[in-house]
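my_file.cif (mmCIF, C-alpha atoms and all ligand atoms)
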data_coords
#
loop_
_atom_site.label_atom_id
_atom_site.label_comp_id
_atom_site.auth_asym_id
_atom_site.auth_seq_id
_atom_site.Cartn_x
_atom_site.Cartn_y
_atom_site.Cartn_z
CA MET D 1062 -73.90 211.33 60.58
CA THR D 1063 -72.50 214.32 58.72
CA ASP D 1064 -70.97 215.43 55.42
CA LYS D 1065 -73.45 213.88 53.07
CA LYS D 1066 -72.20 213.60 49.50
CA ILE D 1067 -73.81 212.73 46.19
CA ILE D 1068 -72.42 209.63 44.55
CA ILE D 1069 -72.92 208.51 40.98
CA ALA D 1070 -71.24 205.14 40.55
CA ALA D 1071 -70.75 202.95 37.49
CA ASN D 1072 -70.41 199.20 37.88
CA PHE D 1073 -69.11 197.76 34.62
CA LYS D 1074 -69.38 194.21 35.98
CA MET D 1075 -67.71 191.69 33.59
CA ASN D 1076 -67.74 194.08 30.65
CA LYS D 1077 -65.02 195.93 28.73
CA THR D 1078 -61.35 195.14 28.11
CA HIS D 1079 -58.74 197.62 29.28
CA VAL D 1080 -58.65 199.00 25.72
CA GLU D 1081 -62.39 199.58 25.77
CA VAL D 1082 -62.18 201.19 29.21
CA ARG D 1083 -59.55 203.59 27.87
CA ALA D 1084 -61.81 204.62 24.98
CA TYR D 1085 -64.78 204.93 27.34
CA LEU D 1086 -62.98 207.10 29.89
CA ASN D 1087 -61.41 209.32 27.23
CA SER D 1088 -64.87 209.95 25.87
CA PHE D 1089 -66.30 210.55 29.37
CA PHE D 1090 -63.59 213.05 30.35
CA LYS D 1091 -64.10 214.88 27.07
CA LYS D 1092 -67.76 215.34 27.97
CA LEU D 1093 -66.85 216.51 31.48
CA LYS D 1094 -64.53 219.13 29.99
CA GLU D 1095 -67.24 220.29 27.60
CA LEU D 1096 -69.62 220.70 30.51
CA ASN D 1097 -67.06 223.09 31.85
CA ILE D 1098 -67.49 222.22 35.47
CA ASN D 1099 -65.35 224.31 37.68
CA ILE D 1100 -66.52 224.05 41.22
CA ASN D 1101 -64.05 226.69 42.31
CA ASP D 1102 -65.53 229.29 40.02
CA LYS D 1103 -69.25 229.63 40.76
CA SER D 1104 -69.76 231.83 37.69
CA ASP D 1105 -68.99 228.80 35.52
CA GLU D 1106 -71.75 226.71 37.03
CA LYS D 1107 -74.29 227.42 34.30
CA CYS D 1108 -76.73 224.63 35.03
CA ILE D 1109 -74.95 222.66 37.69
CA GLU D 1110 -76.50 222.94 41.11
CA THR D 1111 -74.22 220.58 42.93
CA VAL D 1112 -71.24 218.37 42.28
CA ALA D 1113 -71.37 214.64 42.66
CA GLU D 1114 -68.53 212.24 43.09
CA ILE D 1115 -68.26 209.95 40.08
CA ILE D 1116 -67.07 206.42 40.77
CA PHE D 1117 -65.99 203.88 38.18
CA ALA D 1118 -65.77 200.20 39.02
CA PRO D 1119 -64.18 198.59 35.94
CA PRO D 1120 -63.04 194.94 35.85
CA PHE D 1121 -59.75 194.29 37.69
CA THR D 1122 -57.93 193.97 34.36
CA ALA D 1123 -58.78 197.58 33.52
CA LEU D 1124 -57.97 199.18 36.88
CA ASN D 1125 -54.44 200.08 35.80
CA GLU D 1126 -55.67 201.72 32.59
CA ALA D 1127 -58.42 203.60 34.44
CA TYR D 1128 -55.91 204.75 37.06
CA ASN D 1129 -53.62 206.13 34.32
CA ILE D 1130 -56.43 207.98 32.57
CA ILE D 1131 -57.65 209.55 35.79
CA LYS D 1132 -54.08 210.74 36.38
CA GLU D 1133 -53.98 212.17 32.85
CA ASN D 1134 -57.13 214.16 33.73
CA ILE D 1135 -55.95 215.23 37.13
CA GLU D 1136 -58.06 218.41 37.06
CA PHE D 1137 -61.02 216.08 37.69
CA GLY D 1138 -59.19 213.99 40.27
CA HIS D 1139 -61.37 215.39 43.07
CA LEU D 1140 -64.51 214.32 41.17
CA VAL D 1141 -63.66 210.98 39.63
CA LYS D 1142 -62.64 208.02 41.79
CA LEU D 1143 -61.99 204.36 41.27
CA ALA D 1144 -63.62 201.37 42.92
CA SER D 1145 -62.88 197.68 42.70
CA GLN D 1146 -65.78 195.32 42.16
CA ASN D 1147 -64.59 193.06 44.95
CA ILE D 1148 -61.70 192.26 47.31
CA TYR D 1149 -60.62 189.25 49.34
CA PHE D 1150 -60.29 189.60 53.11
CA GLU D 1151 -56.85 188.01 53.43
CA SER D 1152 -53.89 190.26 52.69
CA ALA D 1153 -51.85 187.79 50.58
CA GLY D 1154 -51.26 184.11 49.98
CA ALA D 1155 -52.59 181.03 48.25
CA TYR D 1156 -56.02 182.32 47.19
CA THR D 1157 -56.12 181.64 43.46
CA GLY D 1158 -58.26 184.09 41.54
CA GLU D 1159 -58.68 186.54 44.39
CA ILE D 1160 -57.45 190.12 44.73
CA SER D 1161 -56.11 191.86 47.82
CA ILE D 1162 -56.74 195.30 49.24
CA GLU D 1163 -53.07 196.23 48.67
CA MET D 1164 -53.44 195.34 44.99
CA ILE D 1165 -56.41 197.62 44.42
CA LYS D 1166 -54.93 200.40 46.57
CA ALA D 1167 -51.92 200.34 44.23
CA PHE D 1168 -54.32 201.76 41.63
CA ASP D 1169 -55.63 204.28 44.10
CA CYS D 1170 -59.06 202.73 44.54
CA LEU D 1171 -60.95 204.72 47.14
CA TYR D 1172 -63.92 202.35 47.15
CA THR D 1173 -64.68 198.69 46.88
CA ILE D 1174 -68.03 197.10 46.16
CA ILE D 1175 -68.82 194.33 48.63
CA GLY D 1176 -71.71 191.88 48.68
CA HIS D 1177 -73.17 192.68 45.26
CA SER D 1178 -76.23 190.48 44.72
CA GLU D 1179 -74.59 188.84 41.70
CA ARG D 1180 -71.76 187.68 43.96
CA ARG D 1181 -74.21 186.60 46.65
CA TRP D 1182 -76.53 184.61 44.38
CA ILE D 1183 -74.40 183.53 41.40
CA LEU D 1184 -71.09 183.03 43.18
CA ASN D 1185 -72.60 181.91 46.50
CA GLU D 1186 -70.93 184.54 48.68
CA SER D 1187 -72.16 184.04 52.22
CA ASP D 1188 -73.03 186.68 54.81
CA ASP D 1189 -70.02 185.47 56.76
CA LEU D 1190 -67.62 186.04 53.86
CA ILE D 1191 -69.12 189.49 53.25
CA ALA D 1192 -68.73 190.35 56.94
CA LYS D 1193 -65.06 189.34 56.83
CA LYS D 1194 -64.48 191.51 53.76
CA ILE D 1195 -66.13 194.51 55.41
CA PHE D 1196 -63.99 194.00 58.50
CA ALA D 1197 -60.84 193.68 56.36
CA VAL D 1198 -61.62 197.03 54.71
CA PHE D 1199 -62.24 198.88 57.98
CA ASN D 1200 -59.22 197.29 59.55
CA TYR D 1201 -56.99 198.18 56.59
CA SER D 1202 -58.07 201.83 56.71
CA LYS D 1203 -57.52 201.96 60.47
CA LYS D 1204 -54.07 200.36 60.40
CA LYS D 1205 -52.66 201.92 57.25
CA ASP D 1206 -54.31 205.30 57.58
CA LEU D 1207 -55.19 204.91 53.91
CA SER D 1208 -58.83 205.24 53.15
CA LEU D 1209 -60.76 202.40 51.55
CA ILE D 1210 -64.51 202.78 51.73
CA PRO D 1211 -66.85 199.85 51.31
CA ILE D 1212 -69.91 200.11 49.10
CA LEU D 1213 -71.99 197.47 50.83
CA CYS D 1214 -74.79 196.13 48.64
CA VAL D 1215 -78.03 194.94 50.22
CA GLY D 1216 -81.48 194.27 48.83
CA GLU D 1217 -84.35 191.84 48.85
CA ASN D 1218 -85.72 189.58 46.12
CA LEU D 1219 -89.25 189.78 44.77
CA ASP D 1220 -90.69 187.08 47.04
CA ILE D 1221 -89.42 188.90 50.11
CA ARG D 1222 -90.80 192.21 48.88
CA LYS D 1223 -94.19 190.64 48.18
CA SER D 1224 -94.24 189.05 51.63
CA GLY D 1225 -93.82 192.50 53.21
CA LYS D 1226 -90.56 191.53 54.92
CA ALA D 1227 -88.15 193.66 52.86
CA PHE D 1228 -87.30 195.99 55.75
CA ASP D 1229 -86.50 193.16 58.19
CA PHE D 1230 -84.48 191.39 55.52
CA VAL D 1231 -82.36 194.46 54.71
CA ALA D 1232 -81.79 195.20 58.41
CA GLU D 1233 -80.57 191.65 58.87
CA GLN D 1234 -78.26 191.89 55.86
CA LEU D 1235 -76.77 195.08 57.29
CA ASP D 1236 -76.27 193.55 60.73
CA ARG D 1237 -74.74 190.40 59.33
CA ALA D 1238 -72.36 192.35 57.10
CA LEU D 1239 -71.25 194.50 60.05
CA SER D 1240 -71.24 191.71 62.63
CA TYR D 1241 -67.62 190.73 62.23
CA SER D 1242 -66.55 194.35 62.55
CA LYS D 1243 -68.73 194.77 65.63
CA ASN D 1244 -67.08 191.79 67.29
CA ASN D 1245 -63.51 192.56 66.32
CA LEU D 1246 -63.06 196.21 65.54
CA ASN D 1247 -63.78 197.61 68.99
CA SER D 1248 -61.28 195.35 70.69
CA ASN D 1249 -58.52 196.66 68.44
CA MET D 1250 -59.42 200.29 68.80
CA GLN D 1251 -57.36 202.64 70.87
CA ASN D 1252 -58.96 205.41 72.94
CA ILE D 1253 -62.35 203.92 72.50
CA ASP D 1254 -65.11 206.07 73.77
CA ASP D 1255 -66.82 204.54 76.87
CA LYS D 1256 -70.20 205.36 75.45
CA LEU D 1257 -69.48 203.30 72.37
CA MET D 1258 -68.18 200.43 74.46
CA ASP D 1259 -71.35 200.46 76.61
CA LYS D 1260 -73.59 200.22 73.61
CA ASN D 1261 -71.27 197.70 72.01
CA ILE D 1262 -71.38 199.70 68.82
CA ILE D 1263 -68.51 200.22 66.44
CA GLU D 1264 -67.25 203.50 65.22
CA ILE D 1265 -66.97 203.57 61.45
CA ASP D 1266 -65.42 206.43 59.49
CA GLU D 1267 -67.26 205.99 56.25
CA LEU D 1268 -69.72 203.54 54.77
CA ILE D 1269 -71.75 203.59 51.59
CA VAL D 1270 -74.75 201.32 51.50
CA ALA D 1271 -76.11 200.52 48.06
CA TYR D 1272 -79.74 199.48 48.34
CA GLU D 1273 -80.27 197.31 45.30
CA PRO D 1274 -83.52 195.34 45.28
CA ILE D 1275 -82.73 192.23 43.25
CA TRP D 1276 -86.01 192.41 41.38
CA ALA D 1277 -85.01 195.84 40.02
CA ILE D 1278 -81.50 194.95 38.85
CA GLY D 1279 -81.19 194.71 35.08
CA THR D 1280 -84.96 194.39 34.66
CA GLY D 1281 -85.78 197.84 33.34
CA ALA D 1282 -88.21 198.19 36.27
CA PRO D 1283 -86.71 200.43 38.95
CA ILE D 1284 -88.27 200.94 42.36
CA GLU D 1285 -90.93 203.63 42.70
CA PRO D 1286 -89.05 206.65 44.09
CA GLU D 1287 -91.42 206.84 47.07
CA ASP D 1288 -90.77 203.18 47.98
CA GLY D 1289 -87.04 203.75 47.53
CA GLU D 1290 -87.21 206.74 49.85
CA LYS D 1291 -88.95 204.64 52.52
CA MET D 1292 -86.25 201.97 52.41
CA HIS D 1293 -83.39 204.49 52.38
CA LYS D 1294 -84.88 206.30 55.37
CA PHE D 1295 -85.22 202.98 57.15
CA ILE D 1296 -81.57 202.08 56.41
CA TYR D 1297 -80.43 205.45 57.79
CA LYS D 1298 -82.49 204.97 60.92
CA HIS D 1299 -81.27 201.43 61.45
CA LEU D 1300 -77.61 202.43 61.08
CA ASN D 1301 -78.08 205.48 63.26
CA ASN D 1302 -79.68 203.47 66.05
CA ASN D 1303 -77.16 200.66 66.05
CA TYR D 1304 -73.82 201.99 64.82
CA SER D 1305 -71.69 205.06 64.98
CA ILE D 1306 -70.84 206.09 61.43
CA LYS D 1307 -69.18 209.44 60.83
CA ASN D 1308 -70.01 209.63 57.11
CA CYS D 1309 -72.75 207.48 55.75
CA SER D 1310 -74.42 207.52 52.33
CA VAL D 1311 -77.23 205.36 51.06
CA ILE D 1312 -77.37 205.05 47.30
CA TYR D 1313 -79.87 203.23 45.09
CA GLY D 1314 -79.21 200.66 42.38
CA GLY D 1315 -81.55 198.85 40.02
CA SER D 1316 -82.39 199.88 36.45
CA VAL D 1317 -81.31 203.49 36.89
CA THR D 1318 -81.26 205.37 33.58
CA GLU D 1319 -81.09 208.94 32.36
CA LYS D 1320 -84.91 208.84 32.26
CA ASN D 1321 -85.52 208.05 35.94
CA ILE D 1322 -82.47 209.60 37.66
CA ASN D 1323 -84.17 212.93 38.29
CA THR D 1324 -87.13 211.62 40.24
CA LEU D 1325 -84.93 209.30 42.29
CA MET D 1326 -82.46 212.06 43.17
CA LYS D 1327 -85.29 214.34 44.35
CA LYS D 1328 -85.79 212.05 47.33
CA GLU D 1329 -84.18 213.28 50.52
CA HIS D 1330 -82.59 210.00 51.58
CA ILE D 1331 -81.38 208.86 48.15
CA ASP D 1332 -77.79 210.09 48.10
CA GLY D 1333 -76.88 208.79 44.69
CA VAL D 1334 -77.00 205.75 42.47
CA LEU D 1335 -75.09 202.65 41.50
CA VAL D 1336 -75.61 202.05 37.80
CA GLY D 1337 -75.00 198.80 35.93
CA GLY D 1338 -76.37 198.50 32.38
CA ALA D 1339 -76.84 202.20 31.73
CA SER D 1340 -73.26 202.95 32.76
CA LEU D 1341 -71.76 200.97 29.89
CA ASP D 1342 -72.30 203.74 27.36
CA PRO D 1343 -70.33 206.89 28.22
CA GLN D 1344 -73.02 209.24 26.91
CA SER D 1345 -75.76 207.53 28.87
CA PHE D 1346 -73.74 207.51 32.11
CA PHE D 1347 -72.66 211.09 31.54
CA ASN D 1348 -76.33 212.09 31.15
CA ILE D 1349 -77.14 210.31 34.41
CA TYR D 1350 -74.42 212.32 36.13
CA LYS D 1351 -75.51 215.56 34.47
CA PHE D 1352 -79.20 215.12 35.30
CA ALA D 1353 -78.35 214.09 38.86
CA VAL D 1354 -76.55 217.35 39.51
CA SER D 1355 -78.58 219.74 37.34
CA LYS D 1356 -81.24 222.12 38.49
C1 LIG D 1401 -76.20 196.61 39.57
O1 LIG D 1401 -76.12 195.44 39.25
O2 LIG D 1401 -75.49 197.09 40.48
C2 LIG D 1401 -77.18 197.42 38.87
C3 LIG D 1401 -77.66 198.45 39.50
O3 LIG D 1401 -77.50 197.04 37.60
P1 LIG D 1401 -78.54 197.76 36.61
O4 LIG D 1401 -78.32 199.23 36.68
O5 LIG D 1401 -78.22 197.19 35.26
O6 LIG D 1401 -79.91 197.39 37.08
#
For the structure just supplied, provide its representation as structure tokens.
Ligand code: PEP
Amino acid sequence: MTDKKIIIAANFKMNKTHVEVRAYLNSFFKKLKELNININDKSDEKCIETVAEIIFAPPFTALNEAYNIIKENIEFGHLVKLASQNIYFESAGAYTGEISIEMIKAFDCLYTIIGHSERRWILNESDDLIAKKIFAVFNYSKKKDLSLIPILCVGENLDIRKSGKAFDFVAEQLDRALSYSKNNLNSNMQNIDDKLMDKNIIEIDELIVAYEPIWAIGTGAPIEPEDGEKMHKFIYKHLNNNYSIKNCSVIYGGSVTEKNINTLMKKEHIDGVLVGGASLDPQSFFNIYKFAVSK
């Protein structure tokens, strides 16, 4: 696994109209400009140690607006990317209320969140459905040569954590989410490496795993950084042992704020964060970004 990158992602969930997203992003880009980040000119990097990719996942109804504003601020196009909060695995048809990969790619989404715990537990998304979505994303990227990168959410609830089975549970969630790809992706691949075929492992270009313990989401009680580090290291090891992933990142989600971002980001295997509540205010999310990349 190579080319590690820092990712600071905002999940707006079911918040903000397209008008509110416009106001939010205008305010956010203004702050970015004031920070005067110019990664090409090292002399301008006053307090910035590294540059993180910033991802916004607004509601579907605001994707068009967000896409336009990112285009208006094209100087930050390499830094700021769009994600959808979901996709459906079929490409088109009679699936009322769903959204296709083509539809979100039309707004230049580079990422899509898949298997968020709110979709798993409130909307009853099954492991099987999540696995089909993951496969659809990999398959789309392979066929169209247009990148779409899944942000696969995994994480245990409090009972599982207390029972000491969090690691097994997360490993199983990962395997289930990748199972459909494992069974179908290899057979479609051309020039498949014999070694991969022997091990029956799939070759994936890029995957972001968001480790989001359910008990930490929206509770104001994030994981202890040391415990987060243990789980992230475990996820890396599990993926490394069982899959071939060219670029893999493991980010943390669950009550991340400007107050705790620094200690989380100090951990070697925490590559970034997925932020819900604290991303809704542009100043607060901007501070999270700034603290994540500052010395
Ligand atoms: C989330 O739901 O992805 C999340 C991380 O939420 P919050 O930051 O509000 O805990």
At a cut-off of 10 Å, can you tabulate as a Markdown table every residue of stretch 1303-1340 of chain D near stretch 1116-1131 of chain D together with its closest atom pair and the distance in Å to one decimal, using all atoms listed in the file and ordering rows by chain then number?
| residue | atom | partner | partner_atom | distance |
| --- | --- | --- | --- | --- |
| D:Leu1335 | CA | D:Ile1116 | CA | 8.9 |
| D:Val1336 | CA | D:Phe1117 | CA | 9.8 |
| D:Gly1337 | CA | D:Ala1118 | CA | 9.8 |
| D:Ser1340 | CA | D:Phe1117 | CA | 9.1 |
Just C-alpha atoms for this one: save the residues we selected as a tab-separated table (two decimals), in the coordinates of the input.
chain	number	residue	atom	x	y	z
D	1335	LEU	CA	-75.09	202.65	41.50
D	1336	VAL	CA	-75.61	202.05	37.80
D	1337	GLY	CA	-75.00	198.80	35.93
D	1340	SER	CA	-73.26	202.95	32.76
Using only C-alpha atoms, which residue out of D:Ala1084, D:Gln1234, D:Thr1157, D:Phe1347 lies closest to D:Ile1191?
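Ranked by minimum distance to D:Ile1191, first place goes to D:Gln1234.
Ranking D:Lys1320, D:Lys1194, D:Lys1243, D:Lys1142 by their shortest atom-to-atom distance to D:Asn1303, with only C-alpha atoms included, puts D:Lys1243 first.
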Top pick for closest residue to D:Ala1277, considering D:Tyr1241, D:Ile1195, D:Ala1232, D:Ser1178 and counting only C-alpha atoms:
D:Ser1178
Tell me which of D:Ile1067, D:Phe1168, D:Lys1132, D:Phe1196 sits closest to D:Glu1151, counting all atoms listed in the file.
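Ranked by minimum distance to D:Glu1151, first place goes to D:Phe1196.
Minimum atom-to-atom distances from D:Val1231, D:Val1354, D:Ala1070, D:Ile1148 to D:Ile1269 were compared using all atoms listed in the file, and the lowest value belongs to D:Ala1070.
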Could you give me, as CSV, every chain D residue with an atom at most 7 Å from ligand LIG 1401 (chain D), plus its closest atom pair and distance in Å to one decimal, counting only C-alpha atoms and all ligand atoms, rows ordered by chain then number?
residue,atom,partner,partner_atom,distance
D:Asn1072,CA,D:LIG1401,O2,6.1
D:His1177,CA,D:LIG1401,O2,6.9
D:Glu1273,CA,D:LIG1401,C3,6.5
D:Ala1277,CA,D:LIG1401,O6,6.1
D:Ile1278,CA,D:LIG1401,O6,3.4
D:Gly1279,CA,D:LIG1401,O6,3.6
D:Thr1280,CA,D:LIG1401,O6,6.4
D:Gly1281,CA,D:LIG1401,O6,7.0
D:Gly1314,CA,D:LIG1401,C3,3.9
D:Gly1315,CA,D:LIG1401,O6,3.7
D:Ser1316,CA,D:LIG1401,O6,3.6
D:Val1317,CA,D:LIG1401,O4,5.2
D:Leu1335,CA,D:LIG1401,C3,5.3
D:Val1336,CA,D:LIG1401,O4,4.1
D:Gly1337,CA,D:LIG1401,O4,3.4
D:Gly1338,CA,D:LIG1401,O5,3.7
D:Ala1339,CA,D:LIG1401,O4,6.0
Name the closest residue to D:Ile1165 among the candidates D:Trp1182, D:Phe1137, D:Arg1083, D:Val1198; distances are taken between atoms, counting all atoms listed in the file.
D:Val1198
Only C-alpha atoms needed: put stretch 1170-1236 of chain D from the block into a file as a PDB file, in the first residue's frame.
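Output file result31.pdb is given in full below:
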ATOM      1  CA  CYS D1170     -17.871  13.365  -7.332  1.00  0.00           C
ATOM      2  CA  LEU D1171     -14.590  11.596  -6.706  1.00  0.00           C
ATOM      3  CA  TYR D1172     -15.881   9.762  -3.637  1.00  0.00           C
ATOM      4  CA  THR D1173     -19.006   8.117  -2.370  1.00  0.00           C
ATOM      5  CA  ILE D1174     -19.803   7.174   1.196  1.00  0.00           C
ATOM      6  CA  ILE D1175     -21.042   3.599   1.453  1.00  0.00           C
ATOM      7  CA  GLY D1176     -22.402   1.715   4.446  1.00  0.00           C
ATOM      8  CA  HIS D1177     -22.687   4.633   6.854  1.00  0.00           C
ATOM      9  CA  SER D1178     -24.023   3.331  10.170  1.00  0.00           C
ATOM     10  CA  GLU D1179     -27.102   5.552   9.869  1.00  0.00           C
ATOM     11  CA  ARG D1180     -27.969   3.786   6.616  1.00  0.00           C
ATOM     12  CA  ARG D1181     -27.191   0.389   8.126  1.00  0.00           C
ATOM     13  CA  TRP D1182     -29.230   0.838  11.311  1.00  0.00           C
ATOM     14  CA  ILE D1183     -31.939   3.404  10.471  1.00  0.00           C
ATOM     15  CA  LEU D1184     -32.537   2.467   6.841  1.00  0.00           C
ATOM     16  CA  ASN D1185     -31.798  -1.244   7.270  1.00  0.00           C
ATOM     17  CA  GLU D1186     -29.056  -1.486   4.648  1.00  0.00           C
ATOM     18  CA  SER D1187     -27.765  -5.031   4.661  1.00  0.00           C
ATOM     19  CA  ASP D1188     -24.180  -6.235   4.266  1.00  0.00           C
ATOM     20  CA  ASP D1189     -25.261  -7.716   0.953  1.00  0.00           C
ATOM     21  CA  LEU D1190     -26.551  -4.389  -0.385  1.00  0.00           C
ATOM     22  CA  ILE D1191     -23.367  -2.644   0.784  1.00  0.00           C
ATOM     23  CA  ALA D1192     -21.238  -5.303  -0.933  1.00  0.00           C
ATOM     24  CA  LYS D1193     -23.140  -4.765  -4.192  1.00  0.00           C
ATOM     25  CA  LYS D1194     -22.614  -1.012  -3.974  1.00  0.00           C
ATOM     26  CA  ILE D1195     -18.886  -1.441  -3.370  1.00  0.00           C
ATOM     27  CA  PHE D1196     -18.662  -3.777  -6.348  1.00  0.00           C
ATOM     28  CA  ALA D1197     -20.630  -1.328  -8.514  1.00  0.00           C
ATOM     29  CA  VAL D1198     -18.147   1.433  -7.656  1.00  0.00           C
ATOM     30  CA  PHE D1199     -15.046  -0.656  -8.421  1.00  0.00           C
ATOM     31  CA  ASN D1200     -16.621  -1.982 -11.561  1.00  0.00           C
ATOM     32  CA  TYR D1201     -17.605   1.495 -12.756  1.00  0.00           C
ATOM     33  CA  SER D1202     -14.069   2.816 -12.251  1.00  0.00           C
ATOM     34  CA  LYS D1203     -12.601  -0.192 -14.052  1.00  0.00           C
ATOM     35  CA  LYS D1204     -14.939  -0.022 -17.038  1.00  0.00           C
ATOM     36  CA  LYS D1205     -15.203   3.731 -17.493  1.00  0.00           C
ATOM     37  CA  ASP D1206     -11.669   4.602 -16.494  1.00  0.00           C
ATOM     38  CA  LEU D1207     -13.236   7.336 -14.383  1.00  0.00           C
ATOM     39  CA  SER D1208     -12.293   7.241 -10.774  1.00  0.00           C
ATOM     40  CA  LEU D1209     -14.914   6.816  -8.079  1.00  0.00           C
ATOM     41  CA  ILE D1210     -13.518   5.914  -4.685  1.00  0.00           C
ATOM     42  CA  PRO D1211     -15.637   4.341  -1.988  1.00  0.00           C
ATOM     43  CA  ILE D1212     -15.485   5.596   1.582  1.00  0.00           C
ATOM     44  CA  LEU D1213     -16.565   2.394   3.272  1.00  0.00           C
ATOM     45  CA  CYS D1214     -17.880   2.944   6.789  1.00  0.00           C
ATOM     46  CA  VAL D1215     -17.435   0.259   9.424  1.00  0.00           C
ATOM     47  CA  GLY D1216     -17.673   0.285  13.205  1.00  0.00           C
ATOM     48  CA  GLU D1217     -19.043  -1.561  16.179  1.00  0.00           C
ATOM     49  CA  ASN D1218     -21.754  -0.610  18.663  1.00  0.00           C
ATOM     50  CA  LEU D1219     -21.180  -0.239  22.392  1.00  0.00           C
ATOM     51  CA  ASP D1220     -22.263  -3.769  23.309  1.00  0.00           C
ATOM     52  CA  ILE D1221     -19.776  -5.240  20.853  1.00  0.00           C
ATOM     53  CA  ARG D1222     -17.004  -2.998  22.136  1.00  0.00           C
ATOM     54  CA  LYS D1223     -17.765  -3.964  25.729  1.00  0.00           C
ATOM     55  CA  SER D1224     -17.770  -7.650  24.816  1.00  0.00           C
ATOM     56  CA  GLY D1225     -14.218  -7.302  23.456  1.00  0.00           C
ATOM     57  CA  LYS D1226     -15.249  -8.403  19.964  1.00  0.00           C
ATOM     58  CA  ALA D1227     -14.837  -5.076  18.140  1.00  0.00           C
ATOM     59  CA  PHE D1228     -11.864  -6.253  16.073  1.00  0.00           C
ATOM     60  CA  ASP D1229     -13.580  -9.435  14.861  1.00  0.00           C
ATOM     61  CA  PHE D1230     -16.736  -7.480  14.101  1.00  0.00           C
ATOM     62  CA  VAL D1231     -14.927  -4.860  12.015  1.00  0.00           C
ATOM     63  CA  ALA D1232     -12.945  -7.532  10.137  1.00  0.00           C
ATOM     64  CA  GLU D1233     -16.202  -9.262   9.293  1.00  0.00           C
ATOM     65  CA  GLN D1234     -17.800  -6.014   8.120  1.00  0.00           C
ATOM     66  CA  LEU D1235     -14.823  -5.394   5.845  1.00  0.00           C
ATOM     67  CA  ASP D1236     -14.922  -8.911   4.413  1.00  0.00           C
TER      68      ASP D1236
END
